[in-house]
Amino acid sequence: MHPRRSVQRVARLIAIVLASLMGPAGCVDRVLYPRSCGDGHVVAGEACFGDDIDRYDVPFTPVALRVAEFDGDGNLDVLVLGVDTERGVVAAMGLGTGDGTLAPFRDAGVTGCSAHPALGPADGDDATDLLVAGCDTAMSIYLADRAGSFTGPHTVEVGVATRTSAIVDVDRDGVADVVALGTVGDRVELAWARGRSPGQFEPPLSTVIGTVGAPLEPTSFSIGRLDGDGFDDALLAHAEDGSVLLSRGGPGGFASPERVDELPDAQGVAVLDLDGRGDHELLVVHAAPPRLEAWRGQLGRLQALRSTDIGEVAGQVISAGDVDGDARLDLAFFAADDTRVRLWLGDGRGRFTAAAEVELGTAIAQLAIADLDSDGAAELVVGAFADGELRIVHGDP
């Protein structure tokens, strides 16, 4: 897989994990990092966006957007989910054409009780599938059909009222599993439904990891290989008291959580690929003083990398992706309903530097960073949900 594509895939899975932790209208201003924007050459360190904006009307009340290769053709696509007064949760797909634009949106064939699906390869092909929370303790998997819609649903029982979830091969057997963090009464449980074959799952294995309400209810959840035993583990943060807990994955499910004393108190934590090499680092969000801190290695032998003061954007929503095509993860910060996005470029070792501020001229509900035209420079995919539309702000390298 191309390293830039890898960064984008990982970024899309965890951008929403971090989101809960964290001006004037008009044309988009051209923003110049100390490089030559507009010359058609992508250079590491550029954060260039011009006045070229595409607008797409959404035929329902939009709630969320997801960007991925949903039809497996190599071009990134955009899925918008929301609610319809008659049909409940609905979704529309805009297939990427490869030139940075989208085909007209059409019904994606997705319903459920949540407009915030998890993404992943549920059946092992190149098309990205969806995991959608149900109204009880079951979830639905929708398989991408390579034509811009989804087949299903395929039901998977997780035994919890899901709050957040993931499609991931926990035991590395080549078959996708479902992991769900949710509630049963006043208990918070972590459930694992092991995949037998695509669309077929074993009964869930559940572990109690807390109780509903502060301070024992986790506020951040991320999955990754953290202890070197070949199974994915769950990392949980509790914003109320700053504790970070580990629930180790194993053949019998997830173990009872244990405190991670190597990491300082944190408001949130995510497992992700900072440098585009395919391995995973930890990005920790601290509240006092507000900063991001990166760590590398396995638990028990973690190495602190770099730290970034984020005081000027503390409390804002974080989205992640590769802005300048250097395969390193970059960040975008925006306040709820603000019209500006602040782009910070990453060095691959956990330090981020403020590079550009882009005025979008509309309130930002959600944001994705994605290279829709494969020129190496990202576009900004903006959920302008108050206006009932999606906007694409094109890169101008």
# chains A, B, ... in the order shown; residues from 1 in each chain; ligands from 1
>>> select_by_dssp(residues="region 109-354 of chain A", states="strand (DSSP E or B)", output="count of residues only")
124
>>> residues_around(residues="Ala270 (chain A)", least_positions_apart="3", cutoff="10 Å", atoms="only C-alpha atoms", output="list in words")
Ile14, Ala15, Val17, Leu18, Ser220, Phe221, Ser222, Ile223, Gly224, Ala234, Leu235, Leu236, Ala237, Asp273, His280, Glu281, Leu282, Leu283, Val284, Val285 and Ala294 of chain A
>>> write_last_selection(atoms="all heavy atoms", output="compact mmCIF listing (two decimals), in the first residue's frame")
# COMPACT_ATOMS: atom_id res chain seq x y z
N ILE A 14 -9.23 7.07 13.13
CA ILE A 14 -9.06 7.64 14.45
C ILE A 14 -9.40 9.12 14.54
O ILE A 14 -9.44 9.66 15.63
CB ILE A 14 -7.66 7.39 14.98
CG1 ILE A 14 -6.61 8.04 14.08
CG2 ILE A 14 -7.41 5.94 15.14
CD1 ILE A 14 -6.37 9.47 14.33
N ALA A 15 -9.64 9.82 13.42
CA ALA A 15 -9.97 11.23 13.49
C ALA A 15 -11.16 11.47 14.40
O ALA A 15 -11.22 12.42 15.15
CB ALA A 15 -10.25 11.79 12.10
N VAL A 17 -12.17 9.45 16.83
CA VAL A 17 -11.84 9.07 18.20
C VAL A 17 -11.40 10.29 19.00
O VAL A 17 -11.78 10.49 20.13
CB VAL A 17 -10.74 7.99 18.21
CG1 VAL A 17 -10.30 7.70 19.63
CG2 VAL A 17 -11.24 6.73 17.55
N LEU A 18 -10.58 11.15 18.36
CA LEU A 18 -10.05 12.32 19.06
C LEU A 18 -11.05 13.47 19.12
O LEU A 18 -10.92 14.36 19.94
CB LEU A 18 -8.78 12.81 18.35
CG LEU A 18 -7.53 11.95 18.52
CD1 LEU A 18 -6.41 12.52 17.67
CD2 LEU A 18 -7.11 11.88 19.97
N SER A 220 -12.45 8.00 26.06
CA SER A 220 -11.66 7.83 24.84
C SER A 220 -11.33 6.36 24.70
O SER A 220 -11.06 5.67 25.70
CB SER A 220 -10.38 8.66 24.91
OG SER A 220 -9.54 8.40 23.81
N PHE A 221 -11.33 5.85 23.46
CA PHE A 221 -11.17 4.43 23.21
C PHE A 221 -10.43 4.25 21.90
O PHE A 221 -10.75 4.86 20.89
CB PHE A 221 -12.57 3.81 23.13
CG PHE A 221 -12.65 2.46 22.44
CD1 PHE A 221 -12.24 1.32 23.08
CD2 PHE A 221 -13.17 2.36 21.16
CE1 PHE A 221 -12.34 0.09 22.47
CE2 PHE A 221 -13.27 1.13 20.54
CZ PHE A 221 -12.85 -0.01 21.19
N SER A 222 -9.37 3.42 21.92
CA SER A 222 -8.60 3.17 20.72
C SER A 222 -8.07 1.74 20.76
O SER A 222 -7.85 1.19 21.84
CB SER A 222 -7.45 4.17 20.58
OG SER A 222 -6.89 4.14 19.30
N ILE A 223 -7.88 1.15 19.58
CA ILE A 223 -7.47 -0.25 19.46
C ILE A 223 -6.12 -0.32 18.74
O ILE A 223 -5.90 0.38 17.75
CB ILE A 223 -8.51 -1.06 18.66
CG1 ILE A 223 -9.80 -1.21 19.47
CG2 ILE A 223 -7.97 -2.43 18.28
CD1 ILE A 223 -9.72 -2.24 20.56
N GLY A 224 -5.23 -1.20 19.22
CA GLY A 224 -3.96 -1.38 18.53
C GLY A 224 -3.13 -2.45 19.21
O GLY A 224 -3.45 -2.91 20.31
N ALA A 234 -7.02 -2.80 23.86
CA ALA A 234 -7.83 -1.58 23.94
C ALA A 234 -7.19 -0.62 24.92
O ALA A 234 -6.81 -1.00 26.04
CB ALA A 234 -9.25 -1.90 24.36
N LEU A 235 -7.06 0.63 24.51
CA LEU A 235 -6.53 1.68 25.36
C LEU A 235 -7.66 2.65 25.66
O LEU A 235 -8.35 3.11 24.75
CB LEU A 235 -5.37 2.39 24.67
CG LEU A 235 -4.36 3.13 25.54
CD1 LEU A 235 -3.70 2.17 26.53
CD2 LEU A 235 -3.32 3.80 24.69
N LEU A 236 -7.86 2.96 26.94
CA LEU A 236 -8.99 3.75 27.38
C LEU A 236 -8.51 4.90 28.25
O LEU A 236 -7.63 4.72 29.10
CB LEU A 236 -9.96 2.88 28.19
CG LEU A 236 -10.39 1.58 27.51
CD1 LEU A 236 -10.40 0.44 28.49
CD2 LEU A 236 -11.75 1.73 26.85
N ALA A 237 -9.07 6.07 28.02
CA ALA A 237 -8.74 7.23 28.84
C ALA A 237 -9.98 7.74 29.55
O ALA A 237 -11.10 7.62 29.03
CB ALA A 237 -8.14 8.34 27.99
N ASP A 273 -0.72 5.91 13.25
CA ASP A 273 0.55 5.91 12.52
C ASP A 273 0.97 7.34 12.24
O ASP A 273 0.41 8.00 11.36
CB ASP A 273 0.37 5.12 11.22
CG ASP A 273 1.66 4.98 10.42
OD1 ASP A 273 2.71 5.44 10.90
OD2 ASP A 273 1.61 4.41 9.33
N HIS A 280 2.56 1.60 14.72
CA HIS A 280 1.67 2.46 15.47
C HIS A 280 2.41 3.21 16.57
O HIS A 280 3.27 2.65 17.25
CB HIS A 280 0.53 1.64 16.10
CG HIS A 280 -0.46 1.16 15.10
ND1 HIS A 280 -1.37 0.16 15.35
CD2 HIS A 280 -0.70 1.55 13.83
CE1 HIS A 280 -2.12 -0.05 14.28
NE2 HIS A 280 -1.73 0.79 13.34
N GLU A 281 2.06 4.46 16.72
CA GLU A 281 2.50 5.27 17.84
C GLU A 281 1.28 5.62 18.70
O GLU A 281 0.15 5.34 18.32
CB GLU A 281 3.18 6.55 17.35
CG GLU A 281 4.56 6.35 16.73
CD GLU A 281 4.51 5.85 15.31
OE1 GLU A 281 3.65 6.31 14.53
OE2 GLU A 281 5.32 4.95 14.97
N LEU A 282 1.54 6.22 19.84
CA LEU A 282 0.48 6.71 20.71
C LEU A 282 0.50 8.23 20.70
O LEU A 282 1.56 8.84 20.82
CB LEU A 282 0.67 6.23 22.15
CG LEU A 282 0.66 4.72 22.40
CD1 LEU A 282 0.88 4.44 23.88
CD2 LEU A 282 -0.64 4.11 21.94
N LEU A 283 -0.67 8.84 20.55
CA LEU A 283 -0.80 10.28 20.66
C LEU A 283 -1.70 10.57 21.85
O LEU A 283 -2.85 10.16 21.89
CB LEU A 283 -1.39 10.88 19.38
CG LEU A 283 -1.36 12.41 19.29
CD1 LEU A 283 0.08 12.91 19.29
CD2 LEU A 283 -2.08 12.88 18.04
N VAL A 284 -1.13 11.25 22.82
CA VAL A 284 -1.81 11.50 24.09
C VAL A 284 -2.20 12.97 24.17
O VAL A 284 -1.40 13.86 23.85
CB VAL A 284 -0.90 11.12 25.28
CG1 VAL A 284 -1.61 11.40 26.60
CG2 VAL A 284 -0.49 9.66 25.18
N VAL A 285 -3.44 13.23 24.59
CA VAL A 285 -3.94 14.59 24.73
C VAL A 285 -4.00 14.95 26.20
O VAL A 285 -4.62 14.24 27.00
CB VAL A 285 -5.36 14.71 24.13
CG1 VAL A 285 -5.85 16.15 24.22
CG2 VAL A 285 -5.38 14.23 22.69
N ALA A 294 3.61 12.44 22.01
CA ALA A 294 3.72 11.21 21.24
C ALA A 294 4.65 10.22 21.93
O ALA A 294 5.67 10.61 22.50
CB ALA A 294 4.25 11.52 19.84
>>> atom_distance(atom1="CA of Asp227 (chain A)", atom2="CA of Gln298 (chain A)")
5.3 Å
>>> atom_distance(atom1="CA of Phe385 (chain A)", atom2="CA of Leu131 (chain A)")
22.5 Å
>>> residues_around(residues="Ile167 (chain A)", least_positions_apart="3", cutoff="8 Å", atoms="only C-alpha atoms", output="mmCIF file with all heavy atoms, in the first residue's frame")
data_model
loop_
_atom_site.group_PDB
_atom_site.id
_atom_site.type_symbol
_atom_site.label_atom_id
_atom_site.label_comp_id
_atom_site.auth_asym_id
_atom_site.auth_seq_id
_atom_site.Cartn_x
_atom_site.Cartn_y
_atom_site.Cartn_z
ATOM 1 N N ALA A 118 -18.644 2.880 12.056
ATOM 2 C CA ALA A 118 -17.221 2.576 11.997
ATOM 3 C C ALA A 118 -16.907 2.020 10.615
ATOM 4 O O ALA A 118 -17.768 1.418 9.965
ATOM 5 C CB ALA A 118 -16.851 1.565 13.075
ATOM 6 N N LEU A 119 -15.670 2.233 10.150
ATOM 7 C CA LEU A 119 -15.247 1.774 8.832
ATOM 8 C C LEU A 119 -14.204 0.682 8.970
ATOM 9 O O LEU A 119 -13.419 0.681 9.911
ATOM 10 C CB LEU A 119 -14.656 2.931 8.021
ATOM 11 C CG LEU A 119 -15.454 4.213 7.871
ATOM 12 C CD1 LEU A 119 -14.716 5.160 6.925
ATOM 13 C CD2 LEU A 119 -16.854 3.954 7.382
ATOM 14 N N GLY A 120 -14.180 -0.216 7.989
ATOM 15 C CA GLY A 120 -13.147 -1.228 7.997
ATOM 16 C C GLY A 120 -13.363 -2.263 6.911
ATOM 17 O O GLY A 120 -14.408 -2.287 6.255
ATOM 18 N N PRO A 121 -12.381 -3.160 6.711
ATOM 19 C CA PRO A 121 -12.485 -4.214 5.702
ATOM 20 C C PRO A 121 -13.169 -5.442 6.288
ATOM 21 O O PRO A 121 -12.511 -6.382 6.746
ATOM 22 C CB PRO A 121 -11.029 -4.485 5.335
ATOM 23 C CG PRO A 121 -10.277 -4.200 6.612
ATOM 24 C CD PRO A 121 -11.043 -3.116 7.336
ATOM 25 N N ALA A 122 -14.481 -5.487 6.272
ATOM 26 C CA ALA A 122 -15.208 -6.589 6.912
ATOM 27 C C ALA A 122 -15.093 -7.887 6.144
ATOM 28 O O ALA A 122 -15.203 -8.968 6.729
ATOM 29 C CB ALA A 122 -16.684 -6.215 7.083
ATOM 30 N N LEU A 131 -19.857 -0.558 9.781
ATOM 31 C CA LEU A 131 -20.408 -1.173 10.986
ATOM 32 C C LEU A 131 -21.310 -0.139 11.641
ATOM 33 O O LEU A 131 -20.852 0.930 12.038
ATOM 34 C CB LEU A 131 -19.283 -1.593 11.928
ATOM 35 C CG LEU A 131 -19.684 -2.194 13.266
ATOM 36 C CD1 LEU A 131 -20.436 -3.508 13.086
ATOM 37 C CD2 LEU A 131 -18.448 -2.408 14.149
ATOM 38 N N ALA A 176 -12.015 -10.505 9.807
ATOM 39 C CA ALA A 176 -12.359 -9.312 10.573
ATOM 40 C C ALA A 176 -13.249 -9.649 11.755
ATOM 41 O O ALA A 176 -14.144 -10.498 11.663
ATOM 42 C CB ALA A 176 -13.054 -8.300 9.667
ATOM 43 N N ASP A 177 -13.000 -8.970 12.877
ATOM 44 C CA ASP A 177 -13.801 -9.094 14.088
ATOM 45 C C ASP A 177 -14.499 -7.764 14.358
ATOM 46 O O ASP A 177 -14.177 -6.737 13.749
ATOM 47 C CB ASP A 177 -12.915 -9.453 15.288
ATOM 48 C CG ASP A 177 -11.993 -10.624 15.000
ATOM 49 O OD1 ASP A 177 -12.478 -11.636 14.459
ATOM 50 O OD2 ASP A 177 -10.789 -10.521 15.315
ATOM 51 N N VAL A 178 -15.446 -7.806 15.284
ATOM 52 C CA VAL A 178 -16.142 -6.585 15.703
ATOM 53 C C VAL A 178 -15.853 -6.346 17.178
ATOM 54 O O VAL A 178 -15.994 -7.255 18.004
ATOM 55 C CB VAL A 178 -17.660 -6.703 15.473
ATOM 56 C CG1 VAL A 178 -18.405 -5.575 16.176
ATOM 57 C CG2 VAL A 178 -17.966 -6.679 13.976
ATOM 58 N N VAL A 179 -15.426 -5.135 17.508
ATOM 59 C CA VAL A 179 -15.201 -4.714 18.887
ATOM 60 C C VAL A 179 -16.163 -3.570 19.186
ATOM 61 O O VAL A 179 -16.279 -2.631 18.381
ATOM 62 C CB VAL A 179 -13.748 -4.264 19.115
ATOM 63 C CG1 VAL A 179 -13.555 -3.766 20.541
ATOM 64 C CG2 VAL A 179 -12.784 -5.405 18.827
#
>>> residues_around(residues="region 304-319 of chain A", least_positions_apart="4", cutoff="6 Å", atoms="only C-alpha atoms", output="list in words")
Ala15, Ala19, Met22, Pro290, Arg291, Leu292, Glu293, Ala294, Trp295, Leu331, Ala332, Phe333, Phe334, Ala335, Gly350 and Arg351 of chain A
>>> atom_distance(atom1="CA of Ala386 (chain A)", atom2="CA of Gly134 (chain A)")
26.1 Å
>>> closest_residue(among="A:Ser243, A:Ser256, A:Leu143, A:Gly230", to="Thr207 (chain A)", atoms="only C-alpha atoms")
A:Ser256
>>> closest_residue(among="A:Val341, A:Ala365, A:Leu65, A:Leu302", to="Phe49 (chain A)", atoms="only C-alpha atoms")
A:Val341
>>> residues_around(residues="Thr155 (chain A)", least_positions_apart="6", cutoff="12 Å", atoms="only C-alpha atoms", output="list of chain:residue names")
A:Gly112, A:Leu130, A:Leu131, A:Val132, A:Ala133, A:Gly134, A:Asp136, A:Thr137, A:Ala138, A:Met139, A:Ser140, A:Ile141, A:Tyr142, A:Leu143, A:Val178, A:Ala193, A:Pro198, A:Gly199, A:Gln200, A:Phe201, A:Glu202, A:Pro203
